[in-house]
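S.K.: As input, take coords16.cif (mmCIF, C-alpha atoms):
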data_data
#
loop_
_atom_site.label_atom_id
_atom_site.label_comp_id
_atom_site.auth_asym_id
_atom_site.auth_seq_id
_atom_site.Cartn_x
_atom_site.Cartn_y
_atom_site.Cartn_z
CA MET A 1 0.37 -35.21 -72.16
CA PRO A 2 3.22 -34.04 -69.91
CA SER A 3 2.68 -37.05 -67.63
CA LEU A 4 3.89 -39.38 -70.45
CA ARG A 5 7.40 -38.16 -69.75
CA LEU A 6 7.13 -39.54 -66.22
CA ASN A 7 7.55 -43.11 -65.22
CA ILE A 8 4.62 -45.06 -63.86
CA ARG A 9 5.54 -44.36 -60.25
CA GLY A 10 5.90 -40.69 -61.07
CA ARG A 11 2.49 -40.64 -62.75
CA LEU A 12 0.85 -42.34 -59.80
CA TYR A 13 2.54 -39.96 -57.37
CA ALA A 14 1.58 -37.03 -59.59
CA GLY A 15 -2.03 -38.23 -59.77
CA PHE A 16 -2.28 -38.67 -56.02
CA SER A 17 -0.56 -35.31 -55.53
CA ILE A 18 -3.12 -33.65 -57.79
CA LEU A 19 -5.92 -35.26 -55.80
CA VAL A 20 -4.29 -34.10 -52.57
CA VAL A 21 -4.00 -30.57 -53.97
CA VAL A 22 -7.68 -30.68 -54.99
CA GLY A 23 -8.54 -31.84 -51.48
CA LEU A 24 -6.47 -29.03 -49.99
CA ILE A 25 -8.18 -26.52 -52.25
CA MET A 26 -11.56 -27.86 -51.16
CA ALA A 27 -10.44 -27.70 -47.53
CA GLY A 28 -9.22 -24.13 -48.06
CA VAL A 29 -12.52 -23.12 -49.64
CA ALA A 30 -14.38 -24.85 -46.81
CA ILE A 31 -12.23 -23.10 -44.20
CA TRP A 32 -12.78 -19.76 -45.89
CA ASN A 33 -16.53 -20.32 -46.07
CA LEU A 34 -16.62 -21.61 -42.52
CA GLY A 35 -14.68 -18.52 -41.50
CA ALA A 36 -17.40 -16.42 -43.09
CA VAL A 37 -20.03 -18.51 -41.32
CA GLN A 38 -18.11 -18.19 -38.08
CA GLY A 39 -17.95 -14.42 -38.54
CA GLN A 40 -21.69 -14.26 -39.08
CA MET A 41 -22.32 -16.57 -36.12
CA ALA A 42 -20.03 -14.44 -33.97
CA ARG A 43 -21.98 -11.37 -35.07
CA LEU A 44 -25.23 -13.16 -34.29
CA SER A 45 -23.89 -14.19 -30.91
CA SER A 46 -22.76 -10.64 -30.19
CA LEU A 47 -26.14 -9.26 -31.20
CA ALA A 48 -27.94 -11.89 -29.14
CA ASP A 49 -25.72 -11.17 -26.14
CA ASN A 50 -26.29 -7.43 -26.45
CA THR A 51 -30.03 -8.00 -26.86
CA ALA A 52 -30.01 -9.99 -23.63
CA ARG A 53 -27.93 -7.26 -21.98
CA VAL A 54 -30.34 -4.57 -23.16
CA GLN A 55 -33.29 -6.54 -21.81
CA GLU A 56 -31.51 -7.06 -18.51
CA ILE A 57 -30.63 -3.35 -18.37
CA SER A 58 -34.28 -2.52 -19.01
CA ILE A 59 -35.25 -4.80 -16.12
CA ASN A 60 -32.65 -3.09 -13.93
CA LEU A 61 -34.03 0.33 -14.83
CA GLN A 62 -37.54 -0.74 -13.91
CA ALA A 63 -36.17 -2.15 -10.68
CA LEU A 64 -34.35 1.14 -10.07
CA ARG A 65 -37.60 3.03 -10.50
CA ARG A 66 -39.38 0.70 -8.09
CA ALA A 67 -36.56 0.73 -5.50
CA ASN A 68 -36.25 4.54 -5.54
CA LEU A 69 -40.01 4.98 -5.29
CA ARG A 70 -40.21 2.58 -2.38
CA TYR A 71 -37.36 4.35 -0.64
CA ILE A 72 -39.13 7.69 -1.01
CA TYR A 73 -42.28 6.49 0.70
CA ASP A 74 -40.90 3.87 3.11
CA ALA A 75 -37.29 4.98 3.60
CA ASP A 76 -36.50 1.29 3.10
CA GLU A 77 -32.73 0.84 3.33
CA PRO A 78 -32.70 -2.53 1.46
CA ALA A 79 -34.46 -0.78 -1.44
CA PHE A 80 -31.82 1.95 -1.40
CA LYS A 81 -29.08 -0.71 -1.38
CA GLU A 82 -30.79 -2.59 -4.21
CA ALA A 83 -30.87 0.58 -6.29
CA ALA A 84 -27.11 1.02 -5.82
CA GLU A 85 -26.47 -2.60 -6.82
CA ARG A 86 -28.71 -2.28 -9.87
CA GLU A 87 -26.88 0.86 -10.92
CA ALA A 88 -23.49 -0.87 -10.67
CA ALA A 89 -24.72 -3.95 -12.57
CA THR A 90 -26.28 -1.77 -15.26
CA VAL A 91 -23.04 0.16 -15.77
CA GLU A 92 -21.12 -3.10 -16.20
CA LEU A 93 -23.68 -4.39 -18.70
CA LEU A 94 -23.55 -1.14 -20.64
CA LYS A 95 -19.76 -1.22 -20.78
CA ALA A 96 -19.83 -4.83 -21.99
CA ALA A 97 -22.43 -3.95 -24.62
CA ALA A 98 -20.39 -0.94 -25.76
CA LYS A 99 -17.28 -3.10 -26.03
CA SER A 100 -18.93 -5.75 -28.20
CA THR A 101 -21.16 -3.56 -30.37
CA ILE A 102 -20.25 -2.77 -33.97
CA SER A 103 -22.86 -0.02 -34.35
CA GLU A 104 -21.71 3.53 -33.82
CA GLU A 105 -25.27 4.59 -33.06
CA ARG A 106 -25.69 1.99 -30.35
CA LEU A 107 -22.22 2.75 -29.01
CA LYS A 108 -23.32 6.34 -28.46
CA ILE A 109 -26.49 5.11 -26.77
CA TYR A 110 -24.57 2.80 -24.43
CA ASN A 111 -22.00 5.45 -23.53
CA GLY A 112 -24.76 8.00 -23.01
CA LEU A 113 -26.62 5.58 -20.75
CA VAL A 114 -23.48 5.07 -18.67
CA GLY A 115 -23.48 8.81 -18.08
CA ASP A 116 -27.21 8.71 -17.29
CA ILE A 117 -26.66 5.96 -14.71
CA GLU A 118 -23.91 8.00 -13.10
CA LYS A 119 -26.30 10.94 -12.99
CA MET A 120 -28.98 8.67 -11.47
CA LYS A 121 -26.51 7.63 -8.82
CA SER A 122 -25.79 11.25 -7.91
CA LEU A 123 -29.50 12.08 -7.85
CA ARG A 124 -30.24 8.99 -5.76
CA GLU A 125 -27.63 10.04 -3.22
CA ARG A 126 -29.18 13.53 -3.05
CA MET A 127 -32.58 11.95 -2.72
CA GLY A 128 -31.24 9.71 0.03
CA ALA A 129 -29.98 12.73 1.95
CA ALA A 130 -33.38 14.39 1.56
CA ILE A 131 -35.18 11.25 2.74
CA ASN A 132 -32.91 11.07 5.77
CA ALA A 133 -33.74 14.69 6.56
CA ALA A 134 -37.43 13.98 6.01
CA THR A 135 -37.22 10.95 8.30
CA LYS A 136 -35.70 13.05 11.05
CA GLY A 137 -38.32 15.76 10.44
CA LYS A 138 -41.13 13.22 10.67
CA ALA A 139 -39.71 11.94 13.94
CA ALA A 140 -39.68 15.51 15.25
CA LEU A 141 -43.21 16.03 13.96
CA LEU A 142 -44.38 12.93 15.74
CA ALA A 143 -42.86 14.05 19.04
CA GLY A 144 -44.00 17.66 18.50
CA GLY A 145 -47.50 16.51 17.66
CA ASP A 146 -47.71 14.51 20.84
CA GLU A 147 -46.47 17.53 22.84
CA LEU A 148 -48.93 19.82 21.05
CA THR A 149 -51.80 17.47 21.76
CA ALA A 150 -50.85 17.18 25.42
CA SER A 151 -50.45 20.93 25.94
CA SER A 152 -53.70 21.77 24.12
CA GLY A 153 -55.45 19.17 26.25
CA LYS A 154 -54.27 20.92 29.35
CA VAL A 155 -55.69 24.22 28.07
CA ALA A 156 -59.04 22.54 27.44
CA ALA A 157 -59.02 21.00 30.89
CA ALA A 158 -58.22 24.34 32.54
CA ALA A 159 -61.00 26.04 30.57
CA ALA A 160 -63.49 23.36 31.47
CA ALA A 161 -62.55 23.76 35.13
CA THR A 162 -63.63 27.39 35.03
CA GLY A 163 -67.16 26.42 34.04
CA ASP A 164 -67.30 29.47 31.79
CA THR A 165 -68.92 28.56 28.47
CA TYR A 166 -67.28 31.47 26.65
CA ILE A 167 -63.86 30.44 27.79
CA THR A 168 -64.64 26.85 26.98
CA SER A 169 -65.90 27.86 23.52
CA SER A 170 -62.82 30.02 22.86
CA VAL A 171 -60.46 27.20 23.86
CA ALA A 172 -62.47 24.75 21.76
CA ASP A 173 -61.95 27.02 18.77
CA LEU A 174 -58.21 26.96 19.48
CA GLU A 175 -58.28 23.17 19.64
CA SER A 176 -60.06 22.96 16.31
CA LYS A 177 -57.49 25.21 14.70
CA ILE A 178 -54.63 23.10 16.19
CA LEU A 179 -56.39 20.01 14.89
CA LEU A 180 -56.54 21.55 11.42
CA VAL A 181 -52.78 22.12 11.66
CA ARG A 182 -52.18 18.46 12.46
CA VAL A 183 -54.63 17.34 9.77
CA ALA A 184 -52.78 19.48 7.23
CA ASN A 185 -49.55 17.81 8.30
CA TRP A 186 -50.89 14.29 7.96
CA ARG A 187 -52.64 15.13 4.73
CA PHE A 188 -49.41 16.45 3.30
CA LEU A 189 -47.43 13.43 4.46
CA ALA A 190 -50.06 11.15 2.97
CA LEU A 191 -50.56 12.94 -0.35
CA ARG A 192 -47.22 14.74 -0.65
CA ASP A 193 -49.09 17.59 -2.31
CA VAL A 194 -46.94 20.60 -3.17
CA LYS A 195 -49.79 22.82 -1.93
CA GLY A 196 -49.78 21.07 1.42
CA PRO A 197 -47.14 23.27 3.06
CA ALA A 198 -49.13 26.42 2.20
CA THR A 199 -52.24 24.90 3.74
CA PHE A 200 -50.26 23.85 6.80
CA ARG A 201 -48.78 27.35 7.20
CA ALA A 202 -52.18 28.98 6.84
CA ASN A 203 -53.66 26.74 9.49
CA ALA A 204 -50.62 27.19 11.75
CA ASP A 205 -50.85 30.96 11.37
CA GLN A 206 -54.54 30.88 12.29
CA ALA A 207 -53.78 28.76 15.33
CA GLN A 208 -51.02 31.13 16.41
CA GLN A 209 -53.31 34.11 15.86
CA ARG A 210 -55.95 32.45 17.97
CA LEU A 211 -53.38 31.90 20.71
CA VAL A 212 -52.40 35.57 20.62
CA ALA A 213 -56.05 36.55 20.79
CA LEU A 214 -56.67 34.32 23.78
CA GLU A 215 -53.63 35.72 25.52
CA LYS A 216 -55.14 39.24 25.14
CA GLU A 217 -58.50 38.23 26.50
CA GLY A 218 -59.18 38.42 30.24
CA LEU A 219 -58.80 34.75 30.94
CA PRO A 220 -58.20 33.33 34.38
CA ASP A 221 -54.56 32.99 35.34
CA GLU A 222 -54.78 29.20 35.49
CA VAL A 223 -55.99 29.20 31.88
CA LYS A 224 -53.41 31.71 30.66
CA ALA A 225 -50.67 29.66 32.26
CA THR A 226 -51.48 26.74 29.92
CA LEU A 227 -51.29 28.83 26.73
CA GLY A 228 -47.51 29.29 26.80
CA PRO A 229 -46.65 25.58 26.39
CA VAL A 230 -49.16 25.35 23.51
CA LYS A 231 -47.55 28.30 21.77
CA THR A 232 -44.07 26.76 22.17
CA ALA A 233 -45.21 23.30 21.03
CA LEU A 234 -46.91 24.85 18.00
CA SER A 235 -43.74 26.70 17.05
CA VAL A 236 -41.67 23.52 17.41
CA TYR A 237 -44.25 21.53 15.41
CA LYS A 238 -44.26 24.14 12.68
CA ALA A 239 -40.48 24.18 12.46
CA ALA A 240 -40.38 20.36 12.28
CA PHE A 241 -42.97 20.42 9.50
CA GLU A 242 -40.99 22.95 7.53
CA THR A 243 -37.93 20.72 7.72
CA ALA A 244 -39.80 17.51 6.91
CA SER A 245 -41.95 19.01 4.15
CA ALA A 246 -38.98 20.67 2.48
CA ALA A 247 -37.05 17.37 2.54
CA VAL A 248 -40.05 15.39 1.28
CA LEU A 249 -40.73 17.83 -1.53
CA GLU A 250 -37.05 17.86 -2.45
CA ALA A 251 -36.98 14.05 -2.58
CA ASP A 252 -40.17 14.00 -4.63
CA GLU A 253 -38.83 16.67 -6.93
CA ILE A 254 -35.58 14.73 -7.41
CA TYR A 255 -37.47 11.54 -8.18
CA ARG A 256 -40.38 12.88 -10.23
CA ASN A 257 -38.57 15.62 -12.13
CA ASN A 258 -35.16 14.00 -12.47
CA ILE A 259 -34.82 10.31 -11.68
CA ALA A 260 -38.13 9.09 -13.11
CA PRO A 261 -37.82 11.07 -16.39
CA LEU A 262 -34.19 10.01 -16.68
CA ILE A 263 -35.17 6.37 -16.23
CA ALA A 264 -38.01 6.76 -18.74
CA GLU A 265 -35.62 8.42 -21.20
CA SER A 266 -33.09 5.65 -20.65
CA VAL A 267 -35.77 3.03 -21.27
CA ASP A 268 -36.71 4.81 -24.51
CA LYS A 269 -33.06 4.81 -25.57
CA LEU A 270 -32.87 1.11 -24.78
CA LYS A 271 -35.96 0.51 -26.91
CA VAL A 272 -34.21 2.22 -29.81
CA ALA A 273 -31.11 0.08 -29.22
CA GLU A 274 -33.21 -3.05 -28.85
CA THR A 275 -35.10 -2.29 -32.07
CA GLY A 276 -31.78 -1.81 -33.89
CA LEU A 277 -30.42 -5.00 -32.36
CA LYS A 278 -33.43 -7.00 -33.46
CA ALA A 279 -33.26 -5.57 -36.97
CA ASP A 280 -29.51 -6.27 -37.21
CA TYR A 281 -30.07 -9.73 -35.77
CA GLN A 282 -32.63 -10.52 -38.46
CA LYS A 283 -30.30 -9.19 -41.15
CA SER A 284 -27.34 -11.11 -39.75
CA ARG A 285 -29.38 -14.27 -39.46
CA ALA A 286 -30.48 -13.89 -43.07
CA LEU A 287 -26.86 -13.29 -44.10
CA ALA A 288 -25.70 -16.26 -42.04
CA ASN A 289 -28.33 -18.47 -43.64
CA GLY A 290 -27.24 -17.19 -47.04
CA VAL A 291 -23.58 -17.85 -46.25
CA ILE A 292 -24.43 -21.33 -45.01
CA SER A 293 -26.48 -22.04 -48.13
CA ASN A 294 -23.69 -20.69 -50.36
CA THR A 295 -21.12 -22.70 -48.44
CA THR A 296 -23.18 -25.84 -48.83
CA LEU A 297 -23.65 -25.16 -52.56
CA ILE A 298 -19.96 -24.38 -53.06
CA GLN A 299 -18.96 -27.53 -51.21
CA GLU A 300 -21.35 -29.60 -53.30
CA ILE A 301 -20.02 -28.07 -56.51
CA ALA A 302 -16.42 -28.42 -55.34
CA GLY A 303 -17.09 -32.02 -54.36
CA ALA A 304 -18.63 -32.78 -57.73
CA LEU A 305 -15.74 -31.06 -59.54
CA ALA A 306 -13.26 -32.95 -57.39
CA VAL A 307 -14.94 -36.25 -58.26
CA VAL A 308 -14.98 -35.37 -61.97
CA PHE A 309 -11.42 -34.04 -61.92
CA GLY A 310 -10.20 -37.00 -59.88
CA GLY A 311 -11.96 -39.39 -62.27
CA LEU A 312 -10.43 -37.59 -65.25
CA VAL A 313 -6.96 -37.73 -63.74
CA ALA A 314 -7.42 -41.41 -62.89
CA PHE A 315 -8.71 -42.06 -66.43
CA LEU A 316 -5.78 -40.27 -68.06
CA ILE A 317 -3.24 -41.97 -65.83
CA GLY A 318 -4.90 -45.34 -66.29
CA ARG A 319 -5.10 -44.80 -70.00
CA SER A 320 -1.45 -43.80 -70.19
CA ILE A 321 -0.59 -47.08 -68.43
CA ALA A 322 -3.30 -49.51 -69.49
CA GLY A 323 -3.32 -48.46 -73.18
CA PRO A 324 0.34 -49.23 -73.87
CA LEU A 325 0.11 -52.41 -71.77
CA THR A 326 -2.88 -53.59 -73.82
CA THR A 327 -1.18 -52.95 -77.18
CA MET A 328 1.98 -54.55 -75.85
CA THR A 329 0.00 -57.61 -74.76
CA ARG A 330 -1.46 -57.92 -78.25
CA ALA A 331 2.04 -57.61 -79.74
CA MET A 332 3.35 -60.30 -77.39
CA GLY A 333 0.39 -62.52 -78.38
CA ALA A 334 1.25 -62.01 -82.04
CA LEU A 335 4.90 -62.86 -81.31
CA ALA A 336 3.79 -65.97 -79.47
CA GLY A 337 1.72 -66.87 -82.56
CA GLY A 338 4.81 -66.62 -84.69
CA ASP A 339 4.20 -63.21 -86.26
CA LEU A 340 7.72 -61.83 -86.26
CA LYS A 341 6.73 -58.82 -88.35
CA VAL A 342 4.55 -57.31 -85.62
CA GLU A 343 5.62 -53.85 -84.43
CA ILE A 344 6.42 -53.55 -80.71
CA PRO A 345 4.70 -50.35 -79.40
CA GLY A 346 5.98 -48.05 -76.67
CA ARG A 347 9.71 -48.35 -77.37
CA GLY A 348 9.99 -44.57 -77.35
CA HIS A 349 8.48 -44.21 -73.85
CA ARG A 350 10.79 -43.07 -71.09
CA ASP A 351 9.19 -45.19 -68.41
CA GLU A 352 8.80 -48.79 -67.30
CA ILE A 353 6.55 -49.46 -70.30
CA GLY A 354 9.34 -48.26 -72.59
CA ASP A 355 11.76 -50.58 -70.77
CA MET A 356 9.34 -53.48 -71.22
CA ALA A 357 8.89 -52.63 -74.90
CA LYS A 358 12.65 -52.54 -75.39
CA ALA A 359 13.01 -55.90 -73.65
CA ILE A 360 10.29 -57.40 -75.85
CA GLN A 361 12.00 -55.88 -78.89
CA VAL A 362 15.19 -57.67 -77.91
CA PHE A 363 13.18 -60.88 -77.47
CA LYS A 364 11.64 -60.35 -80.91
CA GLU A 365 15.04 -59.75 -82.49
CA SER A 366 16.30 -62.94 -80.83
CA MET A 367 13.33 -64.83 -82.25
CA VAL A 368 14.00 -63.35 -85.72
CA GLU A 369 17.66 -64.37 -85.46
CA THR A 370 16.68 -67.83 -84.27
CA GLU A 371 14.27 -68.17 -87.17
CA ARG A 372 16.99 -67.05 -89.59
CA LEU A 373 19.43 -69.59 -88.18
CA ARG A 374 16.77 -72.28 -88.33
CA GLU A 375 16.08 -71.45 -91.99
CA GLU A 376 19.78 -71.52 -92.75
CA GLN A 377 20.05 -74.88 -91.01
CA VAL A 378 17.11 -76.22 -93.01
CA ALA A 379 18.74 -75.00 -96.22
CA THR A 380 22.04 -76.57 -95.21
CA GLU A 381 20.34 -79.86 -94.35
CA ALA A 382 18.55 -79.78 -97.71
CA ARG A 383 21.82 -79.23 -99.52
CA GLN A 384 23.44 -82.02 -97.54
CA ALA A 385 20.52 -84.34 -98.38
CA GLU A 386 20.90 -83.57 -102.06
CA GLN A 387 24.64 -84.21 -101.78
CA ARG A 388 24.00 -87.48 -100.03
CA LYS A 389 21.53 -88.47 -102.75
CA ALA A 390 24.09 -87.61 -105.46
CA ASP A 391 26.78 -89.50 -103.60
CA MET A 392 24.45 -92.49 -103.22
CA ARG A 393 23.70 -92.40 -106.91
CA ASN A 394 27.40 -92.28 -107.68
CA LEU A 395 28.07 -95.01 -105.19
CA ALA A 396 25.26 -97.11 -106.64
CA GLY A 397 26.72 -96.75 -110.14
CA GLU A 398 30.16 -97.65 -108.96
CA PHE A 399 28.70 -100.56 -106.96
CA GLU A 400 26.82 -101.75 -109.98
CA ARG A 401 29.99 -101.63 -112.01
CA ALA A 402 31.89 -103.36 -109.25
CA VAL A 403 29.17 -106.01 -108.94
CA GLY A 404 29.25 -106.55 -112.66
CA GLU A 405 32.94 -107.08 -112.55
CA ILE A 406 32.54 -109.36 -109.61
CA VAL A 407 29.82 -111.33 -111.40
CA ASP A 408 32.03 -111.74 -114.34
CA THR A 409 34.89 -112.80 -112.17
CA VAL A 410 32.66 -115.13 -110.22
CA SER A 411 31.28 -116.62 -113.41
CA SER A 412 34.73 -117.48 -114.68
CA ALA A 413 35.73 -118.62 -111.28
CA SER A 414 32.64 -120.79 -110.98
CA THR A 415 33.62 -122.59 -114.14
CA GLU A 416 37.00 -123.22 -112.70
CA LEU A 417 35.46 -124.28 -109.45
CA GLU A 418 33.19 -126.71 -111.23
CA ALA A 419 36.25 -128.40 -112.75
CA SER A 420 37.98 -128.36 -109.43
CA ALA A 421 34.90 -129.82 -107.84
CA GLY A 422 35.05 -132.79 -110.07
CA THR A 423 38.66 -133.30 -109.20
CA LEU A 424 37.85 -132.97 -105.57
CA THR A 425 35.05 -135.50 -105.92
CA ASN A 426 37.45 -138.02 -107.31
CA THR A 427 39.92 -137.25 -104.68
CA ALA A 428 37.28 -137.70 -102.00
CA THR A 429 36.28 -141.04 -103.40
CA ARG A 430 39.85 -142.18 -103.25
CA ALA A 431 40.24 -140.90 -99.82
CA ARG A 432 37.16 -142.81 -98.65
CA ASP A 433 38.47 -145.97 -100.16
CA LEU A 434 41.82 -145.50 -98.50
CA SER A 435 40.15 -144.87 -95.18
CA THR A 436 38.20 -148.07 -95.52
CA GLU A 437 41.33 -149.92 -96.11
CA VAL A 438 43.02 -148.28 -93.20
CA ALA A 439 40.12 -149.25 -90.94
CA SER A 440 40.30 -152.84 -92.01
CA ALA A 441 43.96 -152.83 -91.41
CA SER A 442 43.48 -151.40 -88.07
CA GLN A 443 40.98 -154.05 -87.09
CA GLU A 444 43.28 -156.69 -88.14
CA ALA A 445 46.06 -155.19 -86.19
CA SER A 446 43.87 -155.09 -83.16
CA ALA A 447 42.90 -158.62 -83.54
CA ASN A 448 46.45 -159.61 -83.81
CA VAL A 449 47.29 -158.00 -80.63
#
Now, as a test, write the supplied structure out as structure tokens.
M.R.:
Amino acid sequence: MPSLRLNIRGRLYAGFSILVVVGLIMAGVAIWNLGAVQGQMARLSSLADNTARVQEISINLQALRRANLRYIYDADEPAFKEAAEREAATVELLKAAAKSTISEERLKIYNGLVGDIEKMKSLRERMGAAINAATKGKAALLAGGDELTASSGKVAAAAAATGDTYITSSVADLESKILLVRVANWRFLALRDVKGPATFRANADQAQQRLVALEKEGLPDEVKATLGPVKTALSVYKAAFETASAAVLEADEIYRNNIAPLIAESVDKLKVAETGLKADYQKSRALANGVISNTTLIQEIAGALAVVFGGLVAFLIGRSIAGPLTTMTRAMGALAGGDLKVEIPGRGHRDEIGDMAKAIQVFKESMVETERLREEQVATEARQAEQRKADMRNLAGEFERAVGEIVDTVSSASTELEASAGTLTNTATRARDLSTEVASASQEASANV
């Protein structure tokens, strides 16, 4: 194993480095997978945002339809202002959706809808001008109608004053025809029927013809004098109706034939975009779930492999350290037991274990040398003991010979001593006798003193 060429510190550092590298690889895989998840989540978020935008745009379009319709019938300025605000908000939403979309089809839809909204704005402004004209025309109609009613009332009053039933009947016929004119006006303003202007014109023409006929009849001067104002008021009323009806029909035509279909078409386009968004959202969610599941599985597998690989590295490193230490411990135990022939393992290692093995080898060699010296000393002591024994034997023989000689000498000497002893005995006896005599002499001397 290449790690055997490293020292223990190097192996430990290498093992930890390998684990760190494995961790970094796992982190890299996790980051890559999380990046994929993040991409899918960003796509989901974009799709969700665009779906919300599309729904809000759809609400704005419905509000545009309602605001424009209300403005047509009520000339409500807040409704007109709301329509402008909705148009601006819708354009911003469409631009945001176009910027974030990744679908070419939906991009075309969004860009096309921006153009449609701009067209709606132009049509709304035209419709607004028509409604303003219609409002002014209605005001003129209201004033003209009041004037027509007042002038026709004066004709009826003048006719009644004559007391002539024919004149009264003729004027009543005129009043009925004028009333039909006003009814046609109000009916048109209420129903906004495209046939209304033709009906109004027919009734107005009949009323004018009746006026002309009355002017030709031999009516009293006081009655004829009241016909002129009626004729003028009718002409003014008719002109006001033509203005108002043309503006109303133009506004209706702009709304019904342009704005409303354009809004409906835009809503249909949004439905297509929304359907695509929902389908893409479902696909992206499925992909995101798949990526998350794969990421989880990969992380679990990577974690398991890291544990196994880390355990294997730890086992190999531990084995490369613990194995030699165990065999070295056994060798040291054998040395301690006196087995000097045991082989010291690990001396070829280039690490701390090799250094320890070399040191133990030196210790073993010292023990072998000590044992050799001890054996030599024992042999020397044995030789010296044998020499001492031989010397003692030689000394004992010489001592025995010396003792024999001494015994012999002593024996002869003892004989001589025995003879000398007898002589000495005699001498002692004489000496005792002389001492006795000396004592007696001494006593006598003392007495004499």
S.K.: Counting only C-alpha atoms, which residues have an atom no more than 12 Å from (-27.6, -7.7, -23.9) in the file's coordinates? Please list them as JSON, numbers by chain.
M.R.: {"A": [44, 45, 46, 47, 48, 49, 50, 51, 52, 53, 54, 55, 56, 57, 58, 59, 90, 92, 93, 94, 95, 96, 97, 98, 99, 100, 101, 106, 110, 270, 273, 274, 277, 278]}
S.K.: Check the smallest atom-to-atom distance from each of A:Gln209, A:Gln387, A:Asn60, A:Thr232 to Ile117 of chain A using only C-alpha atoms, then report the winner.
M.R.: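 Under the stated criterion, the closest residue is A:Asn60.
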S.K.: Do you know which residues the PyMOL selection byres ((chain A and resi 146) around 12) returns on this file, as number ranges by chain?
M.R.: A: 139-145, 147-153, 178-179, 182, 230, 233-234, 236-237
S.K.: Show me as a PyMOL selection string the residues that reach within 8 Å of (-40.7, 16.4, 10.2), counting only C-alpha atoms and using the file's own coordinates.
M.R.: chain A and resi 134-142+240-245
S.K.: Show me, as a list in words, the residues that have an atom within 7 Å of segment 167-171 of chain A when counting only C-alpha atoms, minus same-chain residues fewer than 5 positions from it.
M.R.: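 That gives Ala156, Ala159 and Ala160 of chain A.
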S.K.: Could those selected residues go to a file with C-alpha atoms, as a PDB file, in the frame of the given file?
M.R.:
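Output file result-v1.pdb is given in full below:
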ATOM      1  CA  ALA A 156     -59.040  22.540  27.440  1.00  0.00           C
ATOM      2  CA  ALA A 159     -61.000  26.040  30.570  1.00  0.00           C
ATOM      3  CA  ALA A 160     -63.490  23.360  31.470  1.00  0.00           C
TER       4      ALA A 160
END
S.K.: Suppose you want the space between atom CA of Ala172 of chain A and atom CA of Lys154 of chain A; what is it in Å?
M.R.: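 Atom CA of Lys154 of chain A lies 11.8 Å from atom CA of Ala172 of chain A.
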S.K.: Calculated over only C-alpha atoms, which of the candidates A:Gly218, A:Gly337, A:Gly23, A:Gly128 has the smallest distance to Met367 of chain A?
M.R.: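 For Met367 of chain A, the nearest of the candidates is A:Gly337.
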S.K.: Hey, can you check how far atom CA of Ala88 of chain A sits from atom CA of Tyr281 of chain A?
M.R.: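 Computed distance, atom CA of Ala88 of chain A to atom CA of Tyr281 of chain A, equals 27.4 Å.
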S.K.: From the set A:Ala207, A:Val223, A:Ile344, A:Leu287, which residue has the shortest atom-to-atom contact distance to Leu180 of chain A, counting all atoms listed in the file?
M.R.: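 Using all atoms listed in the file, the shortest distance to Leu180 of chain A belongs to A:Ala207.
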S.K.: Specify as a list in words each residue included when the PyMOL selection byres ((chain A and resi 185) around 9) is applied to this file.
M.R.: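 On the file shown, the PyMOL selection byres ((chain A and resi 185) around 9) covers Leu141, Leu180, Val181, Arg182, Val183, Ala184, Trp186, Arg187, Phe188, Leu189, Ala190, Gly196, Pro197, Thr199, Phe200, Phe241 and Ser245 of chain A.
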S.K.: Report the residues retrieved by the PyMOL selection byres ((chain A and resi 296-303) around 10) from the displayed file, expressed as a compact mmCIF listing (two decimals) with C-alpha atoms, keeping the file's coordinate frame.
M.R.:
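Everything below was put into result.txt:
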# COMPACT_ATOMS: atom_id res chain seq x y z
CA VAL A 22 -7.68 -30.68 -54.99
CA GLY A 23 -8.54 -31.84 -51.48
CA ILE A 25 -8.18 -26.52 -52.25
CA MET A 26 -11.56 -27.86 -51.16
CA ALA A 27 -10.44 -27.70 -47.53
CA VAL A 29 -12.52 -23.12 -49.64
CA ALA A 30 -14.38 -24.85 -46.81
CA ASN A 33 -16.53 -20.32 -46.07
CA GLY A 290 -27.24 -17.19 -47.04
CA VAL A 291 -23.58 -17.85 -46.25
CA ILE A 292 -24.43 -21.33 -45.01
CA SER A 293 -26.48 -22.04 -48.13
CA ASN A 294 -23.69 -20.69 -50.36
CA THR A 295 -21.12 -22.70 -48.44
CA ALA A 304 -18.63 -32.78 -57.73
CA LEU A 305 -15.74 -31.06 -59.54
CA ALA A 306 -13.26 -32.95 -57.39
CA VAL A 307 -14.94 -36.25 -58.26
CA VAL A 308 -14.98 -35.37 -61.97
CA PHE A 309 -11.42 -34.04 -61.92
S.K.: So what do you get for atom CA of Ala204 of chain A versus atom CA of Lys177 of chain A, distance-wise?
M.R.: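 About the pair atom CA of Ala204 of chain A and atom CA of Lys177 of chain A: they are 7.7 Å apart.
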S.K.: Using all atoms listed in the file, which of the listed residues (A:Asp193, A:Glu253, A:Asp173, A:Asp116) sits closest to Leu214 of chain A?
M.R.: A:Asp173
S.K.: Rank nothing, just name the residue among A:Tyr255, A:Tyr13, A:Phe315, A:Phe363 nearest to Tyr71 of chain A, using all atoms listed in the file.
M.R.: A:Tyr255
S.K.: Around segment 359-376 of chain A, fit a box with edges along x, y and z, padding it by 4 Å on each side, then list its centre and edge lengths in Å to one decimal as lines of an AutoDock Vina configuration file.
M.R.:
center_x = 15.0
center_y = -64.1
center_z = -83.2
size_x = 17.5
size_y = 24.4
size_z = 27.1
S.K.: Using all atoms listed in the file, which of the listed residues (A:Met41, A:Arg393, A:Glu265, A:Ala331) sits closest to Gln62 of chain A?
M.R.: A:Glu265
